Amino acid sequence: MCRQVFGFRLAMIALATPTALVNAHDGLPTRLVGAAVVVTFMTSYLLFRDWERFGPLLLRHPTLLAADTLFGALLLISAGPTSTLAYVSVCTPLLAGLVYGWRGAAVFASLQALLLLLIHAAQENPVPGIAESALLPGLCVIAGAVGSSLRNLMLRFGAATQALTTVQARLAVTEAVSAERARLAREMHDSVAKTLHGVALAADGLTGSAGADRMDPALVRQQAALVARSARRAAAESRELLADLRRESDPSQATDVLVELAARTRDFSARTGLPAVYRPTGGHAVPPVPPAVARQLLTIASEAMENAHRHAEPTRVDVRAGVHSGLLRISVHDDGRGLPPGTTLEQLRRAGHFGLVGMVERAASVGARIRIGRGSHPQGTEVRLELPLAALTTPTA
């Protein structure tokens, strides 16, 4: 706003300078008017061009604006209060109101109005009538009031903007915390929590076998080995979860998704006894995947296999992965009983079944598309995940 005021002053000074120089007497008066033109014009130009640098000086030293007002009075005396330069005088109280508030506006409006009245009275042929002589002084008072009001409005707007920024920052922090909690909840649900549940079931079976009237030592050893193996699996998953959470901050450690997916498929088959076969597809190599993205993709595939084993009663699980038409496609299909007709994510969420819900959330977090259903198979359930390869070249949280 202050810069625009000085821009208006520049235009008015440029228009009124020829008249001021013509009306000035030869000799010293002409040189004084010329010096006043140079000082006022250059001052206005500097403040117009670099207000951020020189504006604070004007704010700290009101005497600079007073000196500028006196230099402008020399031009006004020479050109006359009826010239274009008279409108430059209105800028001074307007600027004072913007910079110094209502007190500064009152002082400079009074000073400028007094100068205008004195110049008008000193003319050889003053304009008759109080209304004509008081027009510009009145405009100076009005301009000072307008500048002060604009200053208050801008300060209030700045305070409101700062408050809004603070609220937005707090909301962003809250949202980030909520998202992190949801992410950690999915991580725990899809790894350690399920393994610990398996440990509890195996321990219950061991307790029953050990307390039977006719204890079978071979069965007890088998169940004890299952408990130990499951506990080690839970510990390994905990370490893997912590390592992955740390590794996500280092995108240079890319992951070979196909190799990891094949290893997880073999581990799932050995652990559950359910035949699971992995086969690569597509005719193109899969580029290295950032750790944060790879973890989401692999966790979705692992969760799909675990869901098939727990709920679908399948006889086999087929896992496929490869690049097709610019998409990294991962498919997990089981030949089990499939999902109940009409199942929706909202129903699963209300019922407390967060496995499929977590898959959808994970896919959305990396920009992938997921389909859960029968697909092109005559029976069972297929979880198909498709991620554009272009997404692997940009950071994904």
# chains A, B, ... in the order shown; residues from 1 in each chain; ligands from 1
$ select_by_dssp --residues "region 249-393 of chain A" --states "strand (DSSP E or B)" --output "compact mmCIF listing (two decimals) with N, CA, C and O atoms, in the first residue's frame"
# COMPACT_ATOMS: atom_id res chain seq x y z
N THR A 255 14.42 -51.62 -2.60
CA THR A 255 14.09 -53.01 -2.33
C THR A 255 13.73 -53.72 -3.63
O THR A 255 13.03 -53.15 -4.47
N ALA A 276 1.67 -72.68 -1.44
CA ALA A 276 1.67 -71.32 -1.98
C ALA A 276 2.79 -71.24 -3.01
O ALA A 276 3.95 -71.59 -2.71
N VAL A 277 2.46 -70.79 -4.20
CA VAL A 277 3.41 -70.78 -5.31
C VAL A 277 3.55 -69.34 -5.82
O VAL A 277 2.55 -68.65 -6.04
N TYR A 278 4.80 -68.93 -6.00
CA TYR A 278 5.07 -67.60 -6.56
C TYR A 278 5.59 -67.76 -7.98
O TYR A 278 6.46 -68.60 -8.24
N ARG A 279 5.08 -66.92 -8.89
CA ARG A 279 5.55 -66.92 -10.27
C ARG A 279 5.67 -65.48 -10.77
O ARG A 279 4.72 -64.71 -10.63
N PRO A 280 6.81 -65.14 -11.34
CA PRO A 280 6.94 -63.78 -11.94
C PRO A 280 6.20 -63.72 -13.27
O PRO A 280 6.11 -64.72 -13.99
N THR A 281 5.69 -62.58 -13.60
CA THR A 281 4.97 -62.37 -14.85
C THR A 281 5.51 -61.11 -15.53
O THR A 281 6.31 -60.37 -14.96
N GLY A 282 5.02 -60.87 -16.74
CA GLY A 282 5.43 -59.66 -17.45
C GLY A 282 6.76 -59.84 -18.15
O GLY A 282 7.56 -60.72 -17.81
N VAL A 289 12.38 -50.50 -5.71
CA VAL A 289 11.26 -49.78 -5.10
C VAL A 289 11.75 -49.14 -3.80
O VAL A 289 12.45 -49.79 -3.02
N VAL A 317 -2.60 -71.29 -2.79
CA VAL A 317 -2.53 -69.84 -2.99
C VAL A 317 -1.53 -69.59 -4.11
O VAL A 317 -0.41 -70.13 -4.10
N ASP A 318 -1.92 -68.77 -5.08
CA ASP A 318 -1.05 -68.41 -6.20
C ASP A 318 -0.69 -66.93 -6.10
O ASP A 318 -1.58 -66.07 -5.99
N VAL A 319 0.59 -66.65 -6.16
CA VAL A 319 1.09 -65.28 -6.08
C VAL A 319 1.79 -64.96 -7.39
O VAL A 319 2.65 -65.72 -7.86
N ARG A 320 1.41 -63.82 -8.00
CA ARG A 320 2.00 -63.38 -9.26
C ARG A 320 2.46 -61.94 -9.11
O ARG A 320 1.83 -61.15 -8.40
N ALA A 321 3.53 -61.60 -9.80
CA ALA A 321 4.02 -60.20 -9.77
C ALA A 321 4.82 -59.93 -11.01
O ALA A 321 5.56 -60.81 -11.49
N GLY A 322 4.68 -58.72 -11.55
CA GLY A 322 5.43 -58.33 -12.73
C GLY A 322 4.95 -56.99 -13.25
O GLY A 322 4.05 -56.36 -12.69
N VAL A 323 5.58 -56.55 -14.34
CA VAL A 323 5.25 -55.26 -14.96
C VAL A 323 4.37 -55.51 -16.17
O VAL A 323 4.72 -56.30 -17.05
N HIS A 324 3.24 -54.79 -16.21
CA HIS A 324 2.29 -54.92 -17.32
C HIS A 324 1.81 -53.51 -17.70
O HIS A 324 1.19 -52.83 -16.88
N LEU A 327 2.60 -50.73 -15.35
CA LEU A 327 2.09 -50.92 -14.00
C LEU A 327 2.81 -52.07 -13.33
O LEU A 327 3.03 -53.13 -13.95
N LEU A 328 3.19 -51.90 -12.10
CA LEU A 328 3.68 -53.00 -11.28
C LEU A 328 2.46 -53.70 -10.69
O LEU A 328 1.73 -53.12 -9.89
N ARG A 329 2.22 -54.94 -11.12
CA ARG A 329 1.01 -55.65 -10.72
C ARG A 329 1.38 -56.82 -9.82
O ARG A 329 2.25 -57.64 -10.15
N ILE A 330 0.73 -56.89 -8.67
CA ILE A 330 0.89 -58.00 -7.73
C ILE A 330 -0.48 -58.62 -7.50
O ILE A 330 -1.45 -57.91 -7.19
N SER A 331 -0.56 -59.94 -7.66
CA SER A 331 -1.84 -60.64 -7.53
C SER A 331 -1.67 -61.81 -6.56
O SER A 331 -0.71 -62.58 -6.66
N VAL A 332 -2.60 -61.89 -5.61
CA VAL A 332 -2.65 -63.01 -4.67
C VAL A 332 -4.04 -63.63 -4.79
O VAL A 332 -5.05 -62.99 -4.47
N HIS A 333 -4.10 -64.91 -5.27
CA HIS A 333 -5.39 -65.58 -5.48
C HIS A 333 -5.43 -66.89 -4.70
O HIS A 333 -4.46 -67.65 -4.70
N ASP A 334 -6.54 -67.12 -4.05
CA ASP A 334 -6.77 -68.39 -3.37
C ASP A 334 -8.05 -69.02 -3.94
O ASP A 334 -8.93 -68.33 -4.44
N ARG A 369 -3.69 -48.81 -6.90
CA ARG A 369 -5.09 -49.21 -7.01
C ARG A 369 -5.21 -50.67 -6.60
O ARG A 369 -4.40 -51.51 -7.02
N ILE A 370 -6.20 -50.99 -5.81
CA ILE A 370 -6.38 -52.34 -5.31
C ILE A 370 -7.78 -52.83 -5.65
O ILE A 370 -8.76 -52.07 -5.59
N ARG A 371 -7.87 -54.08 -6.03
CA ARG A 371 -9.15 -54.73 -6.32
C ARG A 371 -9.23 -56.02 -5.51
O ARG A 371 -8.29 -56.83 -5.53
N ILE A 372 -10.32 -56.20 -4.83
CA ILE A 372 -10.52 -57.39 -4.00
C ILE A 372 -11.83 -58.03 -4.42
O ILE A 372 -12.90 -57.41 -4.34
N GLY A 373 -11.74 -59.26 -4.91
CA GLY A 373 -12.94 -59.96 -5.37
C GLY A 373 -12.55 -61.23 -6.10
O GLY A 373 -11.42 -61.71 -6.01
N THR A 381 -10.88 -65.86 -4.07
CA THR A 381 -10.71 -64.40 -3.92
C THR A 381 -9.35 -64.01 -4.48
O THR A 381 -8.35 -64.69 -4.23
N GLU A 382 -9.33 -62.91 -5.23
CA GLU A 382 -8.09 -62.37 -5.75
C GLU A 382 -7.90 -60.95 -5.22
O GLU A 382 -8.80 -60.12 -5.29
N VAL A 383 -6.72 -60.70 -4.69
CA VAL A 383 -6.32 -59.36 -4.31
C VAL A 383 -5.31 -58.89 -5.36
O VAL A 383 -4.20 -59.44 -5.45
N ARG A 384 -5.71 -57.90 -6.17
CA ARG A 384 -4.84 -57.40 -7.24
C ARG A 384 -4.44 -55.98 -6.92
O ARG A 384 -5.28 -55.11 -6.69
N LEU A 385 -3.15 -55.75 -6.95
CA LEU A 385 -2.58 -54.45 -6.63
C LEU A 385 -1.84 -53.93 -7.85
O LEU A 385 -1.03 -54.66 -8.44
N GLU A 386 -2.11 -52.68 -8.25
CA GLU A 386 -1.46 -52.09 -9.42
C GLU A 386 -0.90 -50.72 -9.05
O GLU A 386 -1.64 -49.85 -8.57
N LEU A 387 0.38 -50.56 -9.29
CA LEU A 387 1.08 -49.30 -8.97
C LEU A 387 1.77 -48.79 -10.22
O LEU A 387 2.58 -49.51 -10.82
N PRO A 388 1.49 -47.55 -10.67
CA PRO A 388 2.21 -47.00 -11.84
C PRO A 388 3.70 -46.90 -11.56
O PRO A 388 4.13 -46.47 -10.49
$ residues_around --residues "His311 (chain A)" --least-positions-apart "5" --cutoff "9 Å" --atoms "only C-alpha atoms" --output "short mmCIF file (atom, residue, chain, number, x, y, z; two decimals) with C-alpha atoms, in the first residue's frame"
data_model
loop_
_atom_site.label_atom_id
_atom_site.label_comp_id
_atom_site.auth_asym_id
_atom_site.auth_seq_id
_atom_site.Cartn_x
_atom_site.Cartn_y
_atom_site.Cartn_z
CA GLU A 306 -2.82 -64.69 5.79
CA GLY A 336 -11.24 -70.82 -1.12
CA ARG A 337 -14.86 -69.93 -0.46
CA GLY A 338 -14.48 -66.24 -1.30
#
$ residues_around --residues "Gly55 (chain A)" --least-positions-apart "6" --cutoff "12 Å" --atoms "only C-alpha atoms" --output "compact mmCIF listing (two decimals) with all heavy atoms, in the first residue's frame"
# COMPACT_ATOMS: atom_id res chain seq x y z
N MET A 1 0.83 -1.20 0.00
CA MET A 1 0.00 0.00 0.00
C MET A 1 0.88 1.26 0.00
O MET A 1 0.63 2.21 -0.76
CB MET A 1 -0.92 -0.01 1.21
CG MET A 1 -1.88 1.16 1.27
SD MET A 1 -3.15 1.11 0.01
CE MET A 1 -4.13 -0.28 0.62
N CYS A 2 1.91 1.29 0.84
CA CYS A 2 2.82 2.45 0.87
C CYS A 2 3.55 2.60 -0.45
O CYS A 2 3.77 3.73 -0.93
CB CYS A 2 3.82 2.29 2.02
SG CYS A 2 3.08 2.36 3.67
N ARG A 3 3.92 1.49 -1.05
CA ARG A 3 4.59 1.56 -2.35
C ARG A 3 3.69 2.20 -3.40
O ARG A 3 4.15 2.98 -4.24
CB ARG A 3 5.03 0.16 -2.77
CG ARG A 3 5.76 0.15 -4.10
CD ARG A 3 6.13 -1.25 -4.54
NE ARG A 3 7.34 -1.68 -3.85
CZ ARG A 3 7.39 -2.68 -2.99
NH1 ARG A 3 6.27 -3.33 -2.69
NH2 ARG A 3 8.51 -3.03 -2.41
N PHE A 6 3.68 5.99 -3.04
CA PHE A 6 4.87 6.62 -3.62
C PHE A 6 4.84 6.56 -5.14
O PHE A 6 5.37 7.45 -5.82
CB PHE A 6 6.14 5.96 -3.08
CG PHE A 6 6.52 6.44 -1.71
CD1 PHE A 6 6.39 5.60 -0.61
CD2 PHE A 6 6.99 7.72 -1.53
CE1 PHE A 6 6.72 6.03 0.66
CE2 PHE A 6 7.34 8.17 -0.26
CZ PHE A 6 7.19 7.33 0.84
N THR A 43 13.64 10.36 -3.62
CA THR A 43 13.15 9.74 -2.39
C THR A 43 11.94 8.86 -2.68
O THR A 43 11.84 7.71 -2.21
CB THR A 43 12.78 10.82 -1.36
OG1 THR A 43 13.94 11.60 -1.08
CG2 THR A 43 12.27 10.17 -0.08
N SER A 44 11.01 9.41 -3.47
CA SER A 44 9.82 8.63 -3.82
C SER A 44 10.19 7.40 -4.63
O SER A 44 9.63 6.32 -4.43
CB SER A 44 8.83 9.50 -4.60
OG SER A 44 8.42 10.61 -3.84
N LEU A 46 13.11 5.69 -4.63
CA LEU A 46 13.77 4.68 -3.81
C LEU A 46 12.76 3.92 -2.95
O LEU A 46 12.82 2.68 -2.83
CB LEU A 46 14.83 5.34 -2.92
CG LEU A 46 16.09 5.84 -3.63
CD1 LEU A 46 16.99 6.57 -2.64
CD2 LEU A 46 16.84 4.68 -4.28
N LEU A 47 11.83 4.64 -2.34
CA LEU A 47 10.85 3.98 -1.49
C LEU A 47 9.86 3.17 -2.31
O LEU A 47 9.36 2.14 -1.84
CB LEU A 47 10.11 5.03 -0.65
CG LEU A 47 10.97 5.67 0.44
CD1 LEU A 47 10.26 6.89 1.02
CD2 LEU A 47 11.27 4.67 1.55
N PHE A 48 9.58 3.61 -3.54
CA PHE A 48 8.69 2.83 -4.40
C PHE A 48 9.36 1.54 -4.86
O PHE A 48 8.72 0.47 -4.89
CB PHE A 48 8.30 3.67 -5.62
CG PHE A 48 7.54 2.91 -6.66
CD1 PHE A 48 6.20 2.57 -6.47
CD2 PHE A 48 8.15 2.51 -7.84
CE1 PHE A 48 5.51 1.85 -7.43
CE2 PHE A 48 7.46 1.81 -8.81
CZ PHE A 48 6.13 1.48 -8.60
N ARG A 49 10.63 1.62 -5.19
CA ARG A 49 11.32 0.44 -5.73
C ARG A 49 11.73 -0.54 -4.64
O ARG A 49 11.66 -1.76 -4.83
CB ARG A 49 12.56 0.89 -6.51
CG ARG A 49 13.31 -0.26 -7.14
CD ARG A 49 14.43 0.22 -8.02
NE ARG A 49 15.15 -0.90 -8.60
CZ ARG A 49 16.16 -0.77 -9.46
NH1 ARG A 49 16.56 0.44 -9.81
NH2 ARG A 49 16.77 -1.83 -9.95
N HIS A 61 12.08 6.91 11.81
CA HIS A 61 12.44 8.33 11.84
C HIS A 61 11.35 9.17 11.15
O HIS A 61 11.46 9.45 9.94
CB HIS A 61 13.79 8.55 11.16
CG HIS A 61 14.90 7.73 11.74
ND1 HIS A 61 15.45 8.00 12.97
CD2 HIS A 61 15.55 6.64 11.26
CE1 HIS A 61 16.41 7.13 13.23
NE2 HIS A 61 16.48 6.29 12.22
N PRO A 62 10.33 9.59 11.87
CA PRO A 62 9.28 10.43 11.26
C PRO A 62 9.81 11.76 10.74
O PRO A 62 9.17 12.40 9.89
CB PRO A 62 8.29 10.64 12.41
CG PRO A 62 8.57 9.52 13.37
CD PRO A 62 10.03 9.24 13.26
N LEU A 64 12.14 12.23 8.75
CA LEU A 64 12.41 12.10 7.33
C LEU A 64 11.18 12.49 6.50
O LEU A 64 11.29 13.17 5.47
CB LEU A 64 12.84 10.66 6.99
CG LEU A 64 14.17 10.20 7.60
CD1 LEU A 64 14.43 8.75 7.26
CD2 LEU A 64 15.31 11.09 7.10
N LEU A 65 10.00 12.05 6.97
CA LEU A 65 8.77 12.43 6.26
C LEU A 65 8.50 13.92 6.42
O LEU A 65 7.99 14.57 5.48
CB LEU A 65 7.59 11.60 6.78
CG LEU A 65 6.27 11.78 6.05
CD1 LEU A 65 6.41 11.42 4.57
CD2 LEU A 65 5.17 10.93 6.69
N LEU A 95 0.11 8.63 3.77
CA LEU A 95 1.25 7.81 4.11
C LEU A 95 1.51 7.82 5.62
O LEU A 95 1.84 6.77 6.21
CB LEU A 95 2.48 8.32 3.36
CG LEU A 95 3.76 7.50 3.52
CD1 LEU A 95 3.59 6.12 2.93
CD2 LEU A 95 4.93 8.22 2.85
N LEU A 98 -0.82 5.41 7.26
CA LEU A 98 -0.44 4.02 7.03
C LEU A 98 0.75 3.60 7.88
O LEU A 98 0.81 2.47 8.37
CB LEU A 98 -0.12 3.80 5.55
CG LEU A 98 -1.29 3.87 4.56
CD1 LEU A 98 -0.78 3.84 3.13
CD2 LEU A 98 -2.25 2.71 4.80
N VAL A 99 1.72 4.51 8.04
CA VAL A 99 2.97 4.14 8.71
C VAL A 99 2.92 4.38 10.21
O VAL A 99 3.37 3.54 11.00
CB VAL A 99 4.14 4.93 8.08
CG1 VAL A 99 5.45 4.62 8.81
CG2 VAL A 99 4.28 4.59 6.61
N TYR A 100 2.33 5.52 10.63
CA TYR A 100 2.42 5.91 12.04
C TYR A 100 1.09 5.79 12.80
O TYR A 100 1.07 6.04 14.01
CB TYR A 100 2.92 7.35 12.16
CG TYR A 100 4.22 7.59 11.44
CD1 TYR A 100 4.30 8.53 10.41
CD2 TYR A 100 5.36 6.87 11.76
CE1 TYR A 100 5.48 8.77 9.74
CE2 TYR A 100 6.56 7.10 11.09
CZ TYR A 100 6.61 8.03 10.08
OH TYR A 100 7.79 8.25 9.42
$ closest_residue --among "A:Val360, A:Trp51, A:Arg374, A:Thr40" --to "Gln4 (chain A)" --atoms "only C-alpha atoms"
A:Trp51
$ closest_residue --among "A:Ala202, A:Ala301, A:Ala294, A:Ala11" --to "Val257 (chain A)" --atoms "only C-alpha atoms"
A:Ala294
